[in-house]
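Trainee: Here you go, this is target28.cif (mmCIF, C-alpha atoms (C1' of nucleotides)).
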data_run
loop_
_atom_site.label_atom_id
_atom_site.label_comp_id
_atom_site.auth_asym_id
_atom_site.auth_seq_id
_atom_site.Cartn_x
_atom_site.Cartn_y
_atom_site.Cartn_z
CA MET A 1 -58.47 12.12 123.23
CA ARG A 2 -55.93 14.85 123.80
CA ALA A 3 -57.19 18.40 124.01
CA ASP A 4 -54.99 19.64 121.15
CA ALA A 5 -56.26 16.87 118.89
CA ARG A 6 -59.87 17.81 119.59
CA ARG A 7 -59.05 21.47 118.99
CA ASN A 8 -57.31 20.71 115.72
CA ILE A 9 -60.10 18.49 114.39
CA ASP A 10 -62.62 21.25 115.05
CA GLY A 11 -60.34 23.86 113.51
CA VAL A 12 -59.71 21.78 110.41
CA LEU A 13 -63.43 21.10 109.89
CA GLN A 14 -64.22 24.78 110.27
CA ALA A 15 -61.41 25.83 107.94
CA ALA A 16 -62.30 23.15 105.39
CA LYS A 17 -65.91 24.29 105.34
CA LYS A 18 -64.84 27.83 104.53
CA VAL A 19 -62.23 26.85 101.96
CA PHE A 20 -64.60 24.38 100.25
CA ALA A 21 -67.22 27.11 100.07
CA SER A 22 -64.90 29.62 98.45
CA ILE A 23 -62.51 27.53 96.34
CA GLY A 24 -64.55 24.33 95.98
CA VAL A 25 -64.16 20.78 97.24
CA ASP A 26 -61.08 20.39 95.05
CA ALA A 27 -59.19 22.95 97.10
CA PRO A 28 -55.57 21.90 97.79
CA MET A 29 -54.91 20.29 101.17
CA ARG A 30 -52.19 22.86 101.76
CA ALA A 31 -54.77 25.63 101.52
CA ILE A 32 -56.95 23.96 104.14
CA ALA A 33 -53.97 23.24 106.38
CA GLU A 34 -52.87 26.84 106.14
CA ALA A 35 -56.35 28.15 106.86
CA ALA A 36 -56.54 25.91 109.90
CA GLY A 37 -53.03 26.83 111.04
CA VAL A 38 -51.78 23.22 111.04
CA GLY A 39 -49.56 21.03 108.89
CA VAL A 40 -50.98 18.76 106.23
CA GLY A 41 -49.81 15.78 108.28
CA THR A 42 -52.17 16.78 111.05
CA ILE A 43 -55.12 16.70 108.70
CA TYR A 44 -54.16 13.28 107.36
CA ARG A 45 -53.82 11.97 110.91
CA HIS A 46 -57.51 12.62 111.51
CA PHE A 47 -58.82 12.21 107.97
CA PRO A 48 -56.78 9.44 106.31
CA GLN A 49 -57.97 10.43 102.86
CA ARG A 50 -59.01 13.67 101.34
CA ALA A 51 -62.47 12.15 100.80
CA ASP A 52 -62.83 11.53 104.55
CA LEU A 53 -62.46 15.24 105.22
CA VAL A 54 -64.97 16.11 102.53
CA ALA A 55 -67.42 13.57 103.95
CA ALA A 56 -66.93 14.89 107.48
CA VAL A 57 -67.69 18.44 106.36
CA PHE A 58 -70.80 17.21 104.56
CA ARG A 59 -71.96 15.38 107.65
CA GLN A 60 -71.45 18.50 109.72
CA GLU A 61 -73.55 20.52 107.30
CA ILE A 62 -76.26 17.86 107.21
CA ASP A 63 -76.40 18.06 111.00
CA ALA A 64 -76.71 21.84 110.86
CA CYS A 65 -79.50 21.61 108.31
CA ALA A 66 -81.40 19.05 110.38
CA GLN A 67 -81.04 21.13 113.51
CA ALA A 68 -82.34 24.20 111.70
CA ALA A 69 -85.74 22.48 111.56
CA ALA A 70 -86.19 22.68 115.30
CA SER A 71 -85.24 26.33 115.59
CA LEU A 72 -87.42 27.30 112.65
CA SER A 73 -90.33 25.43 114.22
CA ALA A 74 -89.86 27.40 117.41
CA GLN A 75 -89.88 30.73 115.61
CA HIS A 76 -92.62 30.35 113.02
CA VAL A 77 -96.09 29.02 112.28
CA PRO A 78 -95.77 25.41 111.02
CA GLY A 79 -96.42 26.24 107.37
CA VAL A 80 -93.86 29.04 107.37
CA ALA A 81 -91.32 26.91 109.21
CA LEU A 82 -91.75 24.23 106.54
CA ALA A 83 -91.34 26.71 103.70
CA LYS A 84 -88.27 28.26 105.27
CA TRP A 85 -86.70 24.91 105.97
CA MET A 86 -87.26 23.78 102.40
CA GLN A 87 -85.34 26.83 101.21
CA ARG A 88 -82.67 26.14 103.78
CA TYR A 89 -82.40 22.60 102.43
CA ALA A 90 -82.37 23.82 98.85
CA ASP A 91 -79.57 26.25 99.67
CA PHE A 92 -77.59 23.45 101.29
CA ILE A 93 -77.98 21.21 98.24
CA ALA A 94 -77.31 24.04 95.80
CA THR A 95 -73.98 24.94 97.35
CA LYS A 96 -72.86 21.32 97.23
CA ARG A 97 -71.52 21.36 93.73
CA GLY A 98 -69.47 18.21 93.54
CA LEU A 99 -71.53 16.30 96.10
CA ALA A 100 -73.30 14.35 93.37
CA THR A 101 -70.04 13.62 91.61
CA ALA A 102 -68.51 12.53 94.88
CA LEU A 103 -71.39 10.20 95.70
CA HIS A 104 -70.97 8.48 92.35
CA SER A 105 -67.20 8.31 92.48
CA GLY A 106 -67.36 4.90 94.08
CA ASN A 107 -65.09 6.07 96.86
CA PRO A 108 -65.93 4.07 100.02
CA ALA A 109 -65.59 7.22 102.10
CA PHE A 110 -68.86 8.47 100.62
CA GLU A 111 -70.81 5.21 100.85
CA SER A 112 -72.39 5.98 104.19
CA LEU A 113 -73.41 9.52 103.26
CA PRO A 114 -76.76 8.74 101.62
CA ALA A 115 -77.90 6.80 104.69
CA TYR A 116 -76.68 9.57 106.97
CA PHE A 117 -78.51 12.01 104.78
CA GLN A 118 -81.84 10.23 105.11
CA GLN A 119 -81.48 9.32 108.77
CA HIS A 120 -80.99 12.94 109.75
CA LEU A 121 -83.02 14.96 107.29
CA ARG A 122 -86.02 12.64 106.93
CA PRO A 123 -87.13 12.91 110.60
CA ALA A 124 -86.57 16.66 110.55
CA LEU A 125 -88.77 17.13 107.50
CA GLN A 126 -91.32 14.59 108.71
CA THR A 127 -91.86 16.57 111.91
CA LEU A 128 -92.27 19.77 109.92
CA LEU A 129 -94.77 18.13 107.58
CA GLU A 130 -96.81 16.63 110.39
CA SER A 131 -97.00 19.92 112.26
CA ALA A 132 -98.09 21.79 109.15
CA ALA A 133 -100.65 19.10 108.30
CA SER A 134 -102.07 19.14 111.83
CA ALA A 135 -102.51 22.89 111.53
CA ASN A 136 -104.35 22.33 108.23
CA GLU A 137 -101.74 24.40 106.45
CA ILE A 138 -100.83 21.63 104.02
CA ARG A 139 -102.37 18.38 102.91
CA ALA A 140 -101.58 15.26 104.93
CA GLY A 141 -99.91 12.11 103.67
CA VAL A 142 -96.93 13.65 101.92
CA ASP A 143 -93.87 11.42 101.94
CA PRO A 144 -90.84 13.31 103.26
CA ASP A 145 -88.52 11.23 101.10
CA ASP A 146 -90.44 12.27 98.01
CA LEU A 147 -89.86 15.90 98.86
CA LEU A 148 -86.21 15.40 99.72
CA HIS A 149 -85.68 13.63 96.43
CA ALA A 150 -87.69 16.12 94.42
CA VAL A 151 -85.63 19.02 95.66
CA ALA A 152 -82.37 17.12 95.48
CA SER A 153 -83.05 16.06 91.90
CA LEU A 154 -82.68 19.69 90.93
CA CYS A 155 -79.03 19.36 91.83
CA MET A 156 -78.05 15.72 91.73
CA PRO A 157 -77.48 13.24 88.91
CA ALA A 158 -79.66 10.15 88.83
CA ARG A 159 -78.15 7.44 90.94
CA ASP A 160 -80.49 4.74 89.80
CA GLU A 161 -80.57 3.85 86.13
CA ASP A 162 -83.79 1.88 86.46
CA ARG A 163 -85.55 4.75 88.08
CA ALA A 164 -84.35 7.08 85.32
CA ARG A 165 -85.64 4.60 82.76
CA ARG A 166 -89.00 4.34 84.49
CA MET A 167 -89.39 8.09 84.59
CA VAL A 168 -88.63 8.43 80.94
CA ASP A 169 -91.17 5.72 80.14
CA LEU A 170 -93.62 7.61 82.26
CA LEU A 171 -93.03 10.78 80.30
CA VAL A 172 -93.53 9.00 77.02
CA ASP A 173 -96.66 7.26 78.32
CA GLY A 174 -97.92 10.64 79.39
CA LEU A 175 -97.45 11.91 75.86
CA ARG A 176 -99.31 8.92 74.48
CA TYR A 177 -102.15 9.19 76.95
CA SER A 178 -103.54 12.46 75.68
CA ALA A 179 -103.33 11.62 72.01
CA ARG A 180 -106.60 12.61 70.43
CA MET B 1 -53.76 18.17 57.04
CA ARG B 2 -51.37 15.28 56.96
CA ALA B 3 -52.85 11.82 56.75
CA ASP B 4 -51.17 10.59 59.93
CA ALA B 5 -52.55 13.57 61.84
CA ARG B 6 -56.09 12.79 60.69
CA ARG B 7 -55.61 9.14 61.63
CA ASN B 8 -54.28 10.00 65.05
CA ILE B 9 -57.08 12.46 65.86
CA ASP B 10 -59.65 9.79 65.03
CA GLY B 11 -57.77 7.18 67.01
CA VAL B 12 -57.43 9.43 70.04
CA LEU B 13 -61.13 10.32 70.00
CA GLN B 14 -62.10 6.68 69.75
CA ALA B 15 -59.69 5.64 72.49
CA ALA B 16 -60.73 8.52 74.74
CA LYS B 17 -64.39 7.57 74.36
CA LYS B 18 -63.64 4.03 75.53
CA VAL B 19 -61.36 5.07 78.36
CA PHE B 20 -63.77 7.76 79.58
CA ALA B 21 -66.56 5.17 79.55
CA SER B 22 -64.62 2.67 81.63
CA ILE B 23 -62.42 4.78 83.93
CA GLY B 24 -64.33 8.08 83.80
CA VAL B 25 -63.56 11.52 82.42
CA ASP B 26 -60.78 11.89 84.99
CA ALA B 27 -58.78 9.13 83.35
CA PRO B 28 -55.05 9.96 83.08
CA MET B 29 -53.89 11.32 79.76
CA ARG B 30 -51.23 8.65 79.72
CA ALA B 31 -53.93 5.98 79.76
CA ILE B 32 -55.67 7.55 76.77
CA ALA B 33 -52.39 7.97 74.91
CA GLU B 34 -51.53 4.33 75.52
CA ALA B 35 -54.98 3.16 74.42
CA ALA B 36 -54.61 5.18 71.23
CA GLY B 37 -51.05 4.01 70.66
CA VAL B 38 -49.61 7.53 70.58
CA GLY B 39 -47.55 9.74 72.87
CA VAL B 40 -49.17 12.29 75.16
CA GLY B 41 -47.53 15.01 73.10
CA THR B 42 -49.58 13.95 70.10
CA ILE B 43 -52.81 14.38 72.03
CA TYR B 44 -51.80 17.82 73.27
CA ARG B 45 -50.92 18.83 69.72
CA HIS B 46 -54.55 18.36 68.68
CA PHE B 47 -56.28 19.10 71.98
CA PRO B 48 -54.32 21.85 73.74
CA GLN B 49 -56.02 21.14 77.06
CA ARG B 50 -57.47 18.06 78.60
CA ALA B 51 -60.86 19.80 78.58
CA ASP B 52 -60.69 20.19 74.80
CA LEU B 53 -60.44 16.44 74.40
CA VAL B 54 -63.34 15.87 76.77
CA ALA B 55 -65.44 18.43 74.90
CA ALA B 56 -64.57 16.87 71.54
CA VAL B 57 -65.67 13.44 72.75
CA PHE B 58 -68.92 14.93 74.06
CA ARG B 59 -69.57 16.61 70.75
CA GLN B 60 -68.96 13.35 68.93
CA GLU B 61 -71.45 11.57 71.15
CA ILE B 62 -74.02 14.33 70.74
CA ASP B 63 -73.68 13.91 66.97
CA ALA B 64 -74.18 10.17 67.28
CA CYS B 65 -77.25 10.67 69.43
CA ALA B 66 -78.75 13.17 67.00
CA GLN B 67 -78.08 10.90 64.06
CA ALA B 68 -79.76 8.00 65.84
CA ALA B 69 -83.05 9.86 65.45
CA ALA B 70 -83.04 9.45 61.68
CA SER B 71 -82.23 5.76 61.70
CA LEU B 72 -84.81 5.04 64.39
CA SER B 73 -87.41 6.93 62.37
CA ALA B 74 -86.64 4.78 59.37
CA GLN B 75 -87.03 1.56 61.31
CA HIS B 76 -90.06 2.17 63.51
CA VAL B 77 -93.52 3.68 63.72
CA PRO B 78 -93.19 7.34 64.83
CA GLY B 79 -94.35 6.72 68.40
CA VAL B 80 -91.94 3.84 68.87
CA ALA B 81 -89.10 5.78 67.27
CA LEU B 82 -89.73 8.62 69.72
CA ALA B 83 -89.80 6.27 72.72
CA LYS B 84 -86.63 4.51 71.65
CA TRP B 85 -84.83 7.77 71.00
CA MET B 86 -85.81 9.12 74.40
CA GLN B 87 -84.20 6.07 75.96
CA ARG B 88 -81.18 6.50 73.74
CA TYR B 89 -80.93 10.09 74.92
CA ALA B 90 -81.41 9.09 78.54
CA ASP B 91 -78.63 6.51 78.22
CA PHE B 92 -76.36 9.14 76.72
CA ILE B 93 -77.01 11.54 79.58
CA ALA B 94 -76.79 8.84 82.23
CA THR B 95 -73.32 7.72 81.12
CA LYS B 96 -72.06 11.29 81.22
CA ARG B 97 -71.17 11.38 84.86
CA GLY B 98 -69.06 14.45 85.17
CA LEU B 99 -70.68 16.31 82.29
CA ALA B 100 -72.67 18.50 84.65
CA THR B 101 -69.66 19.20 86.79
CA ALA B 102 -67.64 20.03 83.70
CA LEU B 103 -70.29 22.41 82.38
CA HIS B 104 -70.24 24.29 85.66
CA SER B 105 -66.49 24.33 86.04
CA GLY B 106 -66.27 27.63 84.22
CA ASN B 107 -63.69 26.20 81.84
CA PRO B 108 -63.99 28.06 78.50
CA ALA B 109 -63.54 24.77 76.64
CA PHE B 110 -67.03 23.77 77.73
CA GLU B 111 -68.77 27.07 77.08
CA SER B 112 -69.96 26.19 73.61
CA LEU B 113 -71.26 22.77 74.60
CA PRO B 114 -74.77 23.79 75.74
CA ALA B 115 -75.41 25.57 72.45
CA TYR B 116 -74.05 22.63 70.50
CA PHE B 117 -76.27 20.39 72.55
CA GLN B 118 -79.44 22.30 71.72
CA GLN B 119 -78.58 22.97 68.09
CA HIS B 120 -78.13 19.30 67.37
CA LEU B 121 -80.56 17.50 69.66
CA ARG B 122 -83.46 19.94 69.49
CA PRO B 123 -84.12 19.51 65.73
CA ALA B 124 -83.74 15.75 66.04
CA LEU B 125 -86.32 15.54 68.79
CA GLN B 126 -88.59 18.08 67.14
CA THR B 127 -88.81 15.96 64.01
CA LEU B 128 -89.61 12.88 66.08
CA LEU B 129 -92.30 14.76 68.00
CA GLU B 130 -93.90 16.17 64.87
CA SER B 131 -93.99 12.80 63.16
CA ALA B 132 -95.55 11.17 66.20
CA ALA B 133 -98.06 13.99 66.57
CA SER B 134 -99.02 13.81 62.89
CA ALA B 135 -99.69 10.11 63.32
CA ASN B 136 -101.89 10.92 66.31
CA GLU B 137 -99.65 8.85 68.51
CA ILE B 138 -98.91 11.67 70.90
CA ARG B 139 -100.43 15.04 71.65
CA ALA B 140 -99.28 18.00 69.61
CA GLY B 141 -97.64 21.15 70.90
CA VAL B 142 -94.96 19.62 73.10
CA ASP B 143 -91.84 21.72 73.38
CA PRO B 144 -88.75 19.64 72.56
CA ASP B 145 -86.62 21.74 74.89
CA ASP B 146 -88.99 20.94 77.76
CA LEU B 147 -88.46 17.26 77.16
CA LEU B 148 -84.71 17.56 76.76
CA HIS B 149 -84.53 19.49 80.00
CA ALA B 150 -86.90 17.20 81.86
CA VAL B 151 -84.84 14.16 81.04
CA ALA B 152 -81.54 15.94 81.56
CA SER B 153 -82.64 17.20 84.97
CA LEU B 154 -82.54 13.61 86.16
CA CYS B 155 -78.80 13.75 85.72
CA MET B 156 -77.70 17.36 85.90
CA PRO B 157 -77.27 19.83 88.77
CA ALA B 158 -79.31 22.98 88.74
CA ARG B 159 -77.49 25.70 86.85
CA ASP B 160 -79.83 28.46 87.87
CA GLU B 161 -80.30 29.25 91.53
CA ASP B 162 -83.36 31.38 90.92
CA ARG B 163 -85.06 28.65 89.03
CA ALA B 164 -84.31 26.20 91.81
CA ARG B 165 -85.79 28.63 94.30
CA ARG B 166 -88.90 29.14 92.20
CA MET B 167 -89.44 25.42 91.87
CA VAL B 168 -89.15 24.90 95.58
CA ASP B 169 -91.67 27.67 96.19
CA LEU B 170 -93.92 26.01 93.68
CA LEU B 171 -93.69 22.74 95.54
CA VAL B 172 -94.58 24.38 98.82
CA ASP B 173 -97.44 26.31 97.21
CA GLY B 174 -98.66 23.03 95.82
CA LEU B 175 -98.71 21.58 99.29
CA ARG B 176 -100.62 24.58 100.59
CA TYR B 177 -103.12 24.57 97.76
CA SER B 178 -104.83 21.32 98.67
CA ALA B 179 -105.03 21.94 102.39
CA ARG B 180 -108.54 21.06 103.53
"C1'" DG C 1 -42.43 20.20 140.22
"C1'" DT C 2 -40.45 16.78 137.29
"C1'" DA C 3 -39.81 12.59 134.67
"C1'" DT C 4 -41.96 9.48 131.42
"C1'" DT C 5 -44.36 8.23 127.55
"C1'" DA C 6 -47.72 7.78 124.21
"C1'" DA C 7 -50.00 10.68 121.19
"C1'" DA C 8 -49.97 14.37 118.03
"C1'" DC C 9 -47.50 17.59 115.16
"C1'" DG C 10 -45.13 19.56 110.97
"C1'" DG C 11 -43.20 19.48 106.79
"C1'" DA C 12 -39.90 17.15 103.69
"C1'" DA C 13 -40.05 13.37 100.47
"C1'" DG C 14 -42.47 10.05 97.33
"C1'" DA C 15 -45.90 9.12 93.89
"C1'" DT C 16 -49.03 10.52 90.35
"C1'" DC C 17 -51.00 13.52 87.03
"C1'" DG C 18 -51.55 17.51 83.67
"C1'" DT C 19 -48.78 20.03 80.65
"C1'" DT C 20 -44.62 21.68 78.13
"C1'" DC C 21 -40.64 21.19 75.35
"C1'" DC C 22 -37.62 19.69 72.00
"C1'" DG C 23 -34.89 16.32 69.43
"C1'" DT C 24 -36.42 12.89 66.06
"C1'" DT C 25 -39.34 10.99 62.50
"C1'" DT C 26 -42.34 11.20 58.53
"C1'" DG C 27 -45.63 12.70 55.03
"C1'" DT C 28 -45.87 15.85 51.19
"C1'" DC C 29 -44.55 18.29 47.19
"C1'" DA C 30 -41.45 20.31 43.87
"C1'" DT D 1 -35.33 12.03 45.28
"C1'" DG D 2 -34.34 15.80 48.23
"C1'" DA D 3 -35.95 19.35 51.28
"C1'" DC D 4 -38.77 20.87 54.84
"C1'" DA D 5 -42.69 21.77 57.38
"C1'" DA D 6 -45.57 19.21 60.15
"C1'" DA D 7 -46.29 15.76 63.39
"C1'" DC D 8 -44.53 12.52 66.69
"C1'" DG D 9 -42.95 10.60 71.25
"C1'" DG D 10 -41.69 10.72 75.72
"C1'" DA D 11 -38.57 12.86 79.08
"C1'" DA D 12 -38.90 16.71 82.12
"C1'" DC D 13 -41.44 20.21 84.89
"C1'" DG D 14 -44.66 21.83 88.22
"C1'" DA D 15 -48.53 20.97 91.13
"C1'" DT D 16 -51.04 18.03 93.96
"C1'" DC D 17 -52.26 14.14 97.13
"C1'" DT D 18 -50.32 11.13 100.38
"C1'" DT D 19 -46.79 8.98 103.36
"C1'" DC D 20 -43.19 8.96 106.64
"C1'" DC D 21 -40.51 10.05 110.48
"C1'" DG D 22 -37.91 13.05 113.58
"C1'" DT D 23 -39.61 16.50 116.87
"C1'" DT D 24 -42.83 18.46 120.08
"C1'" DT D 25 -46.31 18.29 123.61
"C1'" DA D 26 -50.21 16.99 126.59
"C1'" DA D 27 -51.37 13.81 130.10
"C1'" DT D 28 -50.09 10.99 133.96
"C1'" DA D 29 -47.49 9.13 137.91
"C1'" DC D 30 -44.51 10.05 141.52
#
Since I need it in another form, could you write the structure as structure tokens?

Mentor:
Amino acid sequence: MRADARRNIDGVLQAAKKVFASIGVDAPMRAIAEAAGVGVGTIYRHFPQRADLVAAVFRQEIDACAQAAASLSAQHVPGVALAKWMQRYADFIATKRGLATALHSGNPAFESLPAYFQQHLRPALQTLLESAASANEIRAGVDPDDLLHAVASLCMPARDEDRARRMVDLLVDGLRYSAR
Amino acid sequence: MRADARRNIDGVLQAAKKVFASIGVDAPMRAIAEAAGVGVGTIYRHFPQRADLVAAVFRQEIDACAQAAASLSAQHVPGVALAKWMQRYADFIATKRGLATALHSGNPAFESLPAYFQQHLRPALQTLLESAASANEIRAGVDPDDLLHAVASLCMPARDEDRARRMVDLLVDGLRYSAR
DNA sequence: GTATTAAACGGAAGATCGTTCCGTTTGTCA
DNA sequence: TGACAAACGGAACGATCTTCCGTTTAATAC
């Protein structure tokens, strides 16, 4: 790969991250191109569709979030590292207005994101949980996916109609259970 | 109001509901106009902005959901009516992909929707809850808003960063609490 | 250092969508 | 039945995403 191409890809990703954060993921391509100091054609050369750029930025931020786990572990007691990372993760999810909509848009560019999400964040959280459990700072046996989903559900629409149905049934059963 | 205007408003709302359900709320105006058998100008006469049409369709569906409570109450034992209505409500929320995004878009056309939502659905659910509680089919003292929010949270992004933060802290405290 | 070439670049042009505008049609009422 | 205000339809406008292609440039061989 040519050096200028590599430079431009990095510049576009960096610019897109900033523009998405300030204007939103619907920001015009021209705005991103201008912020990156390139033409729109250059962006489309590397990211054939707008969605590909959005997905790439997401992936980059997922990576950053996963990597934060290691540095937090190095700087804090396990329980504190876990708590701080959970907030870091919550912040990441909270700023991703439009992520949920994107995931449900049916656009193939986003299909691989959920898997990427789990493959990178699950191990990070699992390590944090195990460290904290070993130090007796939290209970053992907590499923990292449960936590990821619990926090994400604060920000993301249900992606599974059956699961939504089951949870509603559960709520109603819960109401029934305590009837005097 | 002229008869043709009334007819066209109804036709547009009905057509928009169908088109939104199949294509999504981002469906082109032209598609809605064609489905309703009118020109785009006619739609814009009654709904100055695209968002106004979307909001009107939402309101119509909220009305339908609220009215379903009465007919379910008439046909079933209170506990069953409550369960069925909760599923009806969950279905309504689940099909509203894009509602959450719209509510957070800052568009003034959507500002009154949350209030409309509560004013119509809260009384409906409250009646169902009270009937079921009177029949000893569920516990008493359940807040209808809690239930509406609990179910809606399965499908809607967090609208309050502080609340999200508090809930994450709660989760982490919960983990700490049972440490042996 | 220079010539060659394949890759990358930029931005104009094409396609699509929300919205506006205005000439035409139609319902209503005196 | 005539007049007119209201409503209608769809072409036109502006903005946006995406494509296309002539131009530029980095990498390589000599």

Trainee: Need to verify the contact set: Tyr89 (chain B), 10 Å, only C-alpha atoms (C1' of nucleotides), exclusion of same-chain residues closer than 2 positions in sequence. Can you return it as a PyMOL selection string?

Mentor: (chain A and resi 168) or (chain B and resi 62+65-66+68-69+83-87+91-94+121+125+148+151-152)

Trainee: Could you save those same residues with C-alpha atoms as a PDB file, in the frame of the given file?

Mentor:
ATOM      1  CA  VAL A 168     -88.630   8.430  80.940  1.00  0.00           C
TER       2      VAL A 168
ATOM      3  CA  ILE B  62     -74.020  14.330  70.740  1.00  0.00           C
ATOM      4  CA  CYS B  65     -77.250  10.670  69.430  1.00  0.00           C
ATOM      5  CA  ALA B  66     -78.750  13.170  67.000  1.00  0.00           C
ATOM      6  CA  ALA B  68     -79.760   8.000  65.840  1.00  0.00           C
ATOM      7  CA  ALA B  69     -83.050   9.860  65.450  1.00  0.00           C
ATOM      8  CA  ALA B  83     -89.800   6.270  72.720  1.00  0.00           C
ATOM      9  CA  LYS B  84     -86.630   4.510  71.650  1.00  0.00           C
ATOM     10  CA  TRP B  85     -84.830   7.770  71.000  1.00  0.00           C
ATOM     11  CA  MET B  86     -85.810   9.120  74.400  1.00  0.00           C
ATOM     12  CA  GLN B  87     -84.200   6.070  75.960  1.00  0.00           C
ATOM     13  CA  ASP B  91     -78.630   6.510  78.220  1.00  0.00           C
ATOM     14  CA  PHE B  92     -76.360   9.140  76.720  1.00  0.00           C
ATOM     15  CA  ILE B  93     -77.010  11.540  79.580  1.00  0.00           C
ATOM     16  CA  ALA B  94     -76.790   8.840  82.230  1.00  0.00           C
ATOM     17  CA  LEU B 121     -80.560  17.500  69.660  1.00  0.00           C
ATOM     18  CA  LEU B 125     -86.320  15.540  68.790  1.00  0.00           C
ATOM     19  CA  LEU B 148     -84.710  17.560  76.760  1.00  0.00           C
ATOM     20  CA  VAL B 151     -84.840  14.160  81.040  1.00  0.00           C
ATOM     21  CA  ALA B 152     -81.540  15.940  81.560  1.00  0.00           C
TER      22      ALA B 152
END

Trainee: Near chain B, meaning an atom within 12 Å, which residues of chain D appear when counting all atoms listed in the file? Write them as a VMD selection string.

Mentor: chain D and resid 5 to 11

Trainee: Just the number, please: distance in Å from CA of Ser131 (chain A) to CA of Pro78 (chain A), one decimal.

Mentor: 5.8 Å

Trainee: Mind giving me the straight-line distance from CA of Ala21 (chain B) to CA of Thr95 (chain B) in Å, one decimal?

Mentor: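 CA of Thr95 (chain B) lies at a distance of 7.4 Å from CA of Ala21 (chain B).
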
Trainee: I need the residue set behind the PyMOL selection byres ((chain C) within 9 of (chain B)) for this file; please write it as a CSV table (one decimal) with C-alpha atoms (C1' of nucleotides), in the coordinates of the input.

Mentor:
chain,number,residue,atom,x,y,z
C,17,DC,C1',-51.0,13.5,87.0
C,18,DG,C1',-51.6,17.5,83.7
C,19,DT,C1',-48.8,20.0,80.6
C,20,DT,C1',-44.6,21.7,78.1
C,26,DT,C1',-42.3,11.2,58.5
C,27,DG,C1',-45.6,12.7,55.0
C,28,DT,C1',-45.9,15.8,51.2

Trainee: Suppose you want the space between C1' of DA15 (chain C) and C1' of DC13 (chain D); what is it in Å?

Mentor: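 So the answer is 15.0 Å.
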
Trainee: Restricting the calculation to all atoms listed in the file: of B:Ala109, B:Ala135, B:Ala51, B:Val19, which residue gets closest to chain A?

Mentor: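 Of the candidates, the smallest distance to chain A is held by B:Ala135.
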
Trainee: Could you tell me, as number ranges by chain, exactly which residues end up selected when the PyMOL selection byres ((chain B and resi 113) around 12) is applied to this structure?

Mentor: B: 51-52, 54-63, 99-100, 102-104, 106-112, 114-121

Trainee: Measuring between all atoms listed in the file, which one of B:Ala124, B:Ile32, B:Leu53, B:Ile23 shows the shortest distance to chain A?

Mentor: B:Ile23

Trainee: Which residue, A:Thr127, A:Asn136, A:Gln67, A:Gln75, has the smallest gap to chain B when you use only C-alpha atoms?

Mentor: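 Ranking A:Thr127, A:Asn136, A:Gln67, A:Gln75 by distance to chain B, first place goes to A:Asn136.
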
Trainee: Going by the chain IDs and residue numbers used in this file, which residues fall under the PyMOL selection byres ((chain C and resi 14) around 10)? Write them as JSON, numbers by chain.

Mentor: {"C": [12, 13, 15, 16], "D": [18, 19, 20]}

Trainee: Would you output that residue set with C-alpha atoms (C1' of nucleotides), as an mmCIF file, in the coordinates of the input?

Mentor:
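Below you can see out_1.cif, which holds the result:
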data_model
loop_
_atom_site.group_PDB
_atom_site.id
_atom_site.type_symbol
_atom_site.label_atom_id
_atom_site.label_comp_id
_atom_site.auth_asym_id
_atom_site.auth_seq_id
_atom_site.Cartn_x
_atom_site.Cartn_y
_atom_site.Cartn_z
ATOM 1 C "C1'" DA C 12 -39.900 17.150 103.690
ATOM 2 C "C1'" DA C 13 -40.050 13.370 100.470
ATOM 3 C "C1'" DA C 15 -45.900 9.120 93.890
ATOM 4 C "C1'" DT C 16 -49.030 10.520 90.350
ATOM 5 C "C1'" DT D 18 -50.320 11.130 100.380
ATOM 6 C "C1'" DT D 19 -46.790 8.980 103.360
ATOM 7 C "C1'" DC D 20 -43.190 8.960 106.640
#

Trainee: Using all atoms listed in the file, which protein or nucleic acid residues come within 12 Å of Ala36 (chain B)? Drop anything in the same chain fewer than 6 positions from it, and give the result as a list in words.

Mentor: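 In the requested form, the answer reads Arg7, Asn8, Ile9, Asp10, Gly11, Val12, Leu13, Gln14, Ala15, Ala16, Lys17, Lys18, Val19, Met29, Arg30, Thr42 and Ile43 of chain B.
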
Trainee: Those same residues, written as a PDB file, keeping the file's coordinate frame with C-alpha atoms?

Mentor:
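Once everything was written out, this is out25.pdb:
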ATOM      1  CA  ARG B   7     -55.610   9.140  61.630  1.00  0.00           C
ATOM      2  CA  ASN B   8     -54.280  10.000  65.050  1.00  0.00           C
ATOM      3  CA  ILE B   9     -57.080  12.460  65.860  1.00  0.00           C
ATOM      4  CA  ASP B  10     -59.650   9.790  65.030  1.00  0.00           C
ATOM      5  CA  GLY B  11     -57.770   7.180  67.010  1.00  0.00           C
ATOM      6  CA  VAL B  12     -57.430   9.430  70.040  1.00  0.00           C
ATOM      7  CA  LEU B  13     -61.130  10.320  70.000  1.00  0.00           C
ATOM      8  CA  GLN B  14     -62.100   6.680  69.750  1.00  0.00           C
ATOM      9  CA  ALA B  15     -59.690   5.640  72.490  1.00  0.00           C
ATOM     10  CA  ALA B  16     -60.730   8.520  74.740  1.00  0.00           C
ATOM     11  CA  LYS B  17     -64.390   7.570  74.360  1.00  0.00           C
ATOM     12  CA  LYS B  18     -63.640   4.030  75.530  1.00  0.00           C
ATOM     13  CA  VAL B  19     -61.360   5.070  78.360  1.00  0.00           C
ATOM     14  CA  MET B  29     -53.890  11.320  79.760  1.00  0.00           C
ATOM     15  CA  ARG B  30     -51.230   8.650  79.720  1.00  0.00           C
ATOM     16  CA  THR B  42     -49.580  13.950  70.100  1.00  0.00           C
ATOM     17  CA  ILE B  43     -52.810  14.380  72.030  1.00  0.00           C
TER      18      ILE B  43
END
